[in-house]
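Chemist: One structure follows; several queries about it will come next.
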Amino acid sequence: TESNCIAPYYVYGKDLWTLPDFRGCSGNMWDGQPQFNSVGRLRFMSYLKDGETVGTEYTGTEIRSSGPTYADMDYKYTSDCGSYEYTLRHVEFPQNDENRTYYTMSLKFLKDLTVKDVKNNLTLFSFDGRSEAFGLVGHTDENGVSVSKEVTKTEGFSENINIGNKAPYFTYYGLDNSSSAIMNFAYIMKDYDITIGGKPWNGNFVFRNSFKGGLNYGDLSLLEDDVNFKAGDTINIDFILLP
């Protein structure tokens with residue numbers, strides 16, 4: 001069976017949808033094929049400028065291993081504005097309970113770039129449930145303490161949550177449809193190393209929790225206002241994606 005369906009060049013044009021099928025083994029099998037159901041849509045780096053999304057172009061892959069029990073590969077991108085490039089390292093280990101997919105995002109700025117209102121306009125990672133709404137959301141607070149609450153299901157609702165910098169995470173669970181075969185989802189940050197303006201950054205991360213089109217959306221960003229990224233600045237994040 002398949003754990004992750006990787007679409008490094010995206011699914012429907014430049015929709016940034018990089019993992020169209022992200023599966024664990026406690027979901028239900030699809031009819032007619034040996035595939036567990038998929039948890040949602042997963043996207044990576046982008047930012048908004050004048051209300052328009054600036055995405056990235058896929059530039060190539062290095063495959064270290066593609067065997068049935070161990071996967072290890074890089075896929076690379078350059079921003080459409082030409083200001084930065086990044087690599088996603090995707091790693092899967094043999095596991096007998098669920099699929100934990102390990103990622104490293106390694107980003108380097110090639111030239112200066114100013115991003116306005118970073119906490120709202122820069123996206124390091126994005127998730128939505130694709131076809132199902134979740135009833136519960138969990139996350140760290142600014143001190144690293146776990147918080148859980150019911151999802152606000154008002155169309156257009158959005159909130160920015162300070163999730164700190166001590167192994168921050170966010171998760172959606174408790175599906176409204178009790179008979180659904182979709183699984184829960186979590187983003188768990190292991191470590192980070194970020195340089196902004198040539199200096200180490202040790203601020204907090206922000207989790208943008210929103211509800212639109214009948215779906216939960218969870219985005220990760222930096223809890224910053226306007227930021228002047230300089231050529232040579234870097235964003236390196238190690239994290240786990242868990243269905």
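Scheme for the structure tokens: letters A, B, ... for chains in order shown; per-chain residue numbers from 1; ligand numbers from 1 in order shown.
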So which residues of region 115-223 of chain A fall under helix (DSSP H, G or I) by DSSP, listed as a ChimeraX atom specification?
Modeler: /A:118-121
Chemist: Please provide as a VMD selection string all residues within 10 Å of Thr59 (chain A), with the sequence filter that same-chain residues fewer than 3 positions apart are discarded (counting only C-alpha atoms).
Modeler: chain A and resid 8 to 9 56 75 to 78 85 to 87
Chemist: For the residues selected in the previous step, produce a file with all heavy atoms as a CSV table (one decimal), in the first residue's frame.
Modeler:
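Listing of again38.csv after writing:
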```
chain,number,residue,atom,x,y,z
A,8,PRO,N,5.7,16.5,-6.4
A,8,PRO,CA,6.6,17.7,-6.2
A,8,PRO,C,6.3,18.9,-7.1
A,8,PRO,O,6.6,20.0,-6.8
A,8,PRO,CB,8.0,17.1,-6.5
A,8,PRO,CG,7.7,15.9,-7.3
A,8,PRO,CD,6.4,15.3,-6.8
A,9,TYR,N,5.7,18.6,-8.3
A,9,TYR,CA,5.3,19.6,-9.2
A,9,TYR,C,3.9,20.0,-9.1
A,9,TYR,O,3.3,20.7,-9.9
A,9,TYR,CB,5.6,19.1,-10.6
A,9,TYR,CG,5.2,17.6,-10.8
A,9,TYR,CD1,3.9,17.2,-10.9
A,9,TYR,CD2,6.2,16.7,-10.7
A,9,TYR,CE1,3.6,15.9,-11.0
A,9,TYR,CE2,5.9,15.3,-10.8
A,9,TYR,CZ,4.6,14.9,-10.9
A,9,TYR,OH,4.3,13.6,-11.0
A,56,THR,N,6.2,28.7,-5.8
A,56,THR,CA,7.5,28.3,-6.1
A,56,THR,C,7.5,27.3,-7.3
A,56,THR,O,6.4,26.7,-7.6
A,56,THR,CB,8.2,27.6,-5.0
A,56,THR,OG1,7.4,26.5,-4.5
A,56,THR,CG2,8.5,28.5,-3.8
A,75,TYR,N,13.4,17.2,-2.7
A,75,TYR,CA,12.9,17.8,-3.8
A,75,TYR,C,13.0,19.3,-3.6
A,75,TYR,O,12.9,19.9,-2.5
A,75,TYR,CB,11.4,17.4,-4.2
A,75,TYR,CG,10.5,16.9,-3.1
A,75,TYR,CD1,9.4,17.7,-2.7
A,75,TYR,CD2,10.6,15.7,-2.6
A,75,TYR,CE1,8.5,17.3,-1.8
A,75,TYR,CE2,9.7,15.2,-1.6
A,75,TYR,CZ,8.7,16.0,-1.2
A,75,TYR,OH,7.8,15.6,-0.3
A,76,LYS,N,13.4,20.0,-4.7
A,76,LYS,CA,13.9,21.4,-4.7
A,76,LYS,C,13.0,22.3,-5.4
A,76,LYS,O,12.4,22.0,-6.4
A,76,LYS,CB,15.3,21.4,-5.3
A,76,LYS,CG,16.3,20.4,-4.7
A,76,LYS,CD,17.6,20.4,-5.4
A,76,LYS,CE,18.5,19.3,-4.9
A,76,LYS,NZ,19.0,19.6,-3.5
A,77,TYR,N,13.0,23.6,-4.9
A,77,TYR,CA,12.2,24.6,-5.4
A,77,TYR,C,12.9,26.0,-5.5
A,77,TYR,O,13.8,26.2,-4.7
A,77,TYR,CB,10.9,24.8,-4.6
A,77,TYR,CG,10.0,23.6,-4.5
A,77,TYR,CD1,10.3,22.6,-3.6
A,77,TYR,CD2,9.0,23.4,-5.4
A,77,TYR,CE1,9.5,21.4,-3.5
A,77,TYR,CE2,8.2,22.2,-5.3
A,77,TYR,CZ,8.5,21.3,-4.4
A,77,TYR,OH,7.7,20.1,-4.4
A,78,THR,N,12.5,26.8,-6.4
A,78,THR,CA,12.9,28.2,-6.5
A,78,THR,C,11.6,29.1,-6.5
A,78,THR,O,10.7,28.8,-7.2
A,78,THR,CB,13.7,28.5,-7.7
A,78,THR,OG1,14.9,27.7,-7.7
A,78,THR,CG2,14.1,30.0,-7.8
A,85,GLU,N,15.4,30.0,-2.5
A,85,GLU,CA,15.3,28.6,-3.0
A,85,GLU,C,15.2,27.7,-1.7
A,85,GLU,O,15.7,28.1,-0.7
A,85,GLU,CB,16.4,28.2,-3.9
A,85,GLU,CG,17.8,28.2,-3.2
A,85,GLU,CD,18.9,27.9,-4.1
A,85,GLU,OE1,18.7,27.9,-5.4
A,85,GLU,OE2,20.1,27.8,-3.7
A,86,TYR,N,14.6,26.5,-1.8
A,86,TYR,CA,14.5,25.6,-0.7
A,86,TYR,C,14.5,24.2,-1.1
A,86,TYR,O,14.1,23.9,-2.3
A,86,TYR,CB,13.4,26.0,0.3
A,86,TYR,CG,12.0,25.7,-0.3
A,86,TYR,CD1,11.4,24.5,0.0
A,86,TYR,CD2,11.3,26.7,-1.0
A,86,TYR,CE1,10.1,24.3,-0.5
A,86,TYR,CE2,10.0,26.5,-1.4
A,86,TYR,CZ,9.4,25.2,-1.1
A,86,TYR,OH,8.1,25.0,-1.6
A,87,THR,N,14.8,23.3,-0.2
A,87,THR,CA,14.8,21.9,-0.4
A,87,THR,C,13.9,21.3,0.7
A,87,THR,O,14.0,21.6,1.9
A,87,THR,CB,16.2,21.3,-0.3
A,87,THR,OG1,17.0,21.8,-1.4
A,87,THR,CG2,16.2,19.8,-0.5
```
Chemist: Name all residues at most 6 Å from region 107-119 of chain A (count only C-alpha atoms; drop same-chain ones fewer than 2 positions away) and give them as a list in words.
Modeler: Ser83, Tyr84, Glu85, Tyr86, Asn121, Leu122, Ser221, Leu222, Leu223, Glu224, Asp225, Asp226, Val227, Asn228, Phe229, Lys230, Ala231, Gly232, Asp233, Thr234 and Ile235 of chain A
Chemist: For Arg89 (chain A), which of A:Gly174, A:Asp238, A:Pro243, A:Tyr187 is the closest residue, counting only C-alpha atoms?
Modeler: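 Nearest to Arg89 (chain A): A:Asp238.
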Chemist: Ranking A:Trp201, A:Tyr58, A:Tyr47, A:Phe207 by minimum distance to Phe127 (chain A) and counting only C-alpha atoms, which one comes first?
Modeler: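 Of A:Trp201, A:Tyr58, A:Tyr47, A:Phe207, the one nearest Phe127 (chain A), counting only C-alpha atoms, is A:Phe207.
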Chemist: Applying 9 Å and only C-alpha atoms, which residues near region 184-186 of chain A remain after dropping the ones on its own chain fewer than 2 positions away? List them as a list of chain:residue names.
Modeler: A:Val39, A:Gly40, A:Phe127, A:Gly129, A:Phe134, A:Gly138, A:Tyr169, A:Phe170, A:Thr171, A:Tyr172, A:Tyr173, A:Gly174, A:Leu175, A:Ile182, A:Ile188, A:Ile240, A:Leu241, A:Leu242, A:Pro243
Chemist: Keeping only all heavy atoms, write the selected residues to a file as a short mmCIF file (atom, residue, chain, number, x, y, z; two decimals), in the first residue's frame.
Modeler:
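Generated output (out_5.cif):
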```
data_model
loop_
_atom_site.label_atom_id
_atom_site.label_comp_id
_atom_site.auth_asym_id
_atom_site.auth_seq_id
_atom_site.Cartn_x
_atom_site.Cartn_y
_atom_site.Cartn_z
N VAL A 39 -5.66 11.96 4.52
CA VAL A 39 -6.05 12.85 5.61
C VAL A 39 -6.36 14.27 5.15
O VAL A 39 -7.11 14.99 5.79
CB VAL A 39 -4.96 12.86 6.70
CG1 VAL A 39 -3.71 13.56 6.22
CG2 VAL A 39 -5.46 13.48 7.99
N GLY A 40 -5.78 14.73 4.03
CA GLY A 40 -6.05 16.11 3.62
C GLY A 40 -5.06 16.60 2.59
O GLY A 40 -4.37 15.82 1.95
N PHE A 127 -2.17 23.15 5.85
CA PHE A 127 -2.97 21.92 5.82
C PHE A 127 -4.45 22.28 5.76
O PHE A 127 -4.89 23.24 6.38
CB PHE A 127 -2.71 21.09 7.08
CG PHE A 127 -3.73 20.00 7.31
CD1 PHE A 127 -3.61 18.78 6.67
CD2 PHE A 127 -4.82 20.20 8.15
CE1 PHE A 127 -4.56 17.78 6.85
CE2 PHE A 127 -5.77 19.20 8.35
CZ PHE A 127 -5.63 17.99 7.69
N GLY A 129 -8.41 19.85 5.46
CA GLY A 129 -8.98 18.51 5.48
C GLY A 129 -9.54 18.01 4.16
O GLY A 129 -10.07 16.91 4.10
N PHE A 134 -13.13 18.94 10.87
CA PHE A 134 -12.78 18.42 12.20
C PHE A 134 -13.49 19.24 13.26
O PHE A 134 -13.73 20.44 13.09
CB PHE A 134 -11.27 18.49 12.42
CG PHE A 134 -10.48 17.64 11.47
CD1 PHE A 134 -10.09 18.14 10.24
CD2 PHE A 134 -10.13 16.34 11.79
CE1 PHE A 134 -9.34 17.36 9.35
CE2 PHE A 134 -9.40 15.56 10.93
CZ PHE A 134 -9.00 16.07 9.70
N GLY A 138 -5.97 21.19 18.52
CA GLY A 138 -5.01 21.21 19.62
C GLY A 138 -3.74 21.91 19.18
O GLY A 138 -3.42 21.95 17.99
N TYR A 169 3.46 22.51 18.09
CA TYR A 169 2.70 21.62 17.22
C TYR A 169 1.29 22.18 17.06
O TYR A 169 0.83 23.03 17.83
CB TYR A 169 2.64 20.20 17.78
CG TYR A 169 1.69 20.00 18.93
CD1 TYR A 169 0.34 19.70 18.72
CD2 TYR A 169 2.13 20.14 20.25
CE1 TYR A 169 -0.54 19.54 19.78
CE2 TYR A 169 1.25 19.98 21.32
CZ TYR A 169 -0.07 19.69 21.08
OH TYR A 169 -0.94 19.54 22.12
N PHE A 170 0.58 21.65 16.05
CA PHE A 170 -0.87 21.84 15.98
C PHE A 170 -1.49 20.58 15.40
O PHE A 170 -0.85 19.82 14.68
CB PHE A 170 -1.27 23.09 15.18
CG PHE A 170 -1.00 23.04 13.71
CD1 PHE A 170 -1.94 22.51 12.83
CD2 PHE A 170 0.17 23.56 13.18
CE1 PHE A 170 -1.71 22.48 11.46
CE2 PHE A 170 0.41 23.54 11.80
CZ PHE A 170 -0.54 23.00 10.95
N THR A 171 -2.75 20.34 15.75
CA THR A 171 -3.42 19.11 15.34
C THR A 171 -4.91 19.36 15.17
O THR A 171 -5.51 20.18 15.88
CB THR A 171 -3.19 17.99 16.38
OG1 THR A 171 -3.92 16.82 15.99
CG2 THR A 171 -3.67 18.39 17.76
N TYR A 172 -5.49 18.66 14.20
CA TYR A 172 -6.95 18.63 14.01
C TYR A 172 -7.42 17.20 14.20
O TYR A 172 -6.82 16.25 13.67
CB TYR A 172 -7.33 19.11 12.61
CG TYR A 172 -7.14 20.59 12.40
CD1 TYR A 172 -6.06 21.09 11.67
CD2 TYR A 172 -8.04 21.51 12.93
CE1 TYR A 172 -5.89 22.45 11.47
CE2 TYR A 172 -7.88 22.88 12.74
CZ TYR A 172 -6.79 23.33 12.01
OH TYR A 172 -6.63 24.69 11.82
N TYR A 173 -8.53 17.04 14.95
CA TYR A 173 -9.05 15.70 15.22
C TYR A 173 -10.53 15.81 15.57
O TYR A 173 -11.11 16.89 15.54
CB TYR A 173 -8.24 15.02 16.34
CG TYR A 173 -8.25 15.75 17.67
CD1 TYR A 173 -8.96 15.23 18.75
CD2 TYR A 173 -7.53 16.92 17.86
CE1 TYR A 173 -8.96 15.87 19.98
CE2 TYR A 173 -7.51 17.56 19.08
CZ TYR A 173 -8.24 17.05 20.13
OH TYR A 173 -8.24 17.69 21.35
N GLY A 174 -11.14 14.67 15.91
CA GLY A 174 -12.56 14.69 16.26
C GLY A 174 -13.43 15.05 15.08
O GLY A 174 -14.11 16.08 15.08
N LEU A 175 -13.44 14.21 14.05
CA LEU A 175 -14.21 14.49 12.84
C LEU A 175 -15.70 14.60 13.13
O LEU A 175 -16.25 13.86 13.94
CB LEU A 175 -13.97 13.39 11.80
CG LEU A 175 -12.62 13.46 11.10
CD1 LEU A 175 -12.25 12.11 10.53
CD2 LEU A 175 -12.66 14.51 10.00
N ILE A 182 -11.55 9.27 7.01
CA ILE A 182 -10.42 10.20 7.09
C ILE A 182 -9.80 10.09 8.48
O ILE A 182 -10.47 9.78 9.46
CB ILE A 182 -10.90 11.64 6.83
CG1 ILE A 182 -11.58 11.74 5.46
CG2 ILE A 182 -9.76 12.62 6.91
CD1 ILE A 182 -10.68 11.51 4.29
N ILE A 188 4.26 18.46 13.92
CA ILE A 188 5.06 18.50 15.14
C ILE A 188 6.46 18.99 14.79
O ILE A 188 7.19 18.33 14.04
CB ILE A 188 5.16 17.11 15.79
CG1 ILE A 188 3.77 16.52 16.00
CG2 ILE A 188 5.94 17.18 17.09
CD1 ILE A 188 3.77 15.03 16.27
N ILE A 240 7.73 16.67 11.92
CA ILE A 240 7.09 15.39 11.66
C ILE A 240 5.66 15.66 11.21
O ILE A 240 4.94 16.46 11.82
CB ILE A 240 7.07 14.49 12.90
CG1 ILE A 240 8.50 14.19 13.38
CG2 ILE A 240 6.33 13.18 12.64
CD1 ILE A 240 8.55 13.52 14.74
N LEU A 241 5.24 14.99 10.15
CA LEU A 241 3.85 15.00 9.72
C LEU A 241 3.24 13.66 10.14
O LEU A 241 3.77 12.60 9.85
CB LEU A 241 3.74 15.17 8.21
CG LEU A 241 4.37 16.44 7.64
CD1 LEU A 241 4.27 16.46 6.12
CD2 LEU A 241 3.74 17.69 8.23
N LEU A 242 2.11 13.73 10.85
CA LEU A 242 1.55 12.53 11.46
C LEU A 242 0.06 12.42 11.16
O LEU A 242 -0.73 13.28 11.55
CB LEU A 242 1.76 12.59 12.98
CG LEU A 242 1.18 11.44 13.80
CD1 LEU A 242 1.88 10.13 13.46
CD2 LEU A 242 1.32 11.75 15.28
N PRO A 243 -0.37 11.33 10.43
CA PRO A 243 -1.79 11.07 10.30
C PRO A 243 -2.23 10.11 11.40
O PRO A 243 -1.58 9.08 11.62
CB PRO A 243 -1.90 10.42 8.93
CG PRO A 243 -0.61 9.72 8.74
CD PRO A 243 0.41 10.44 9.58
#
```
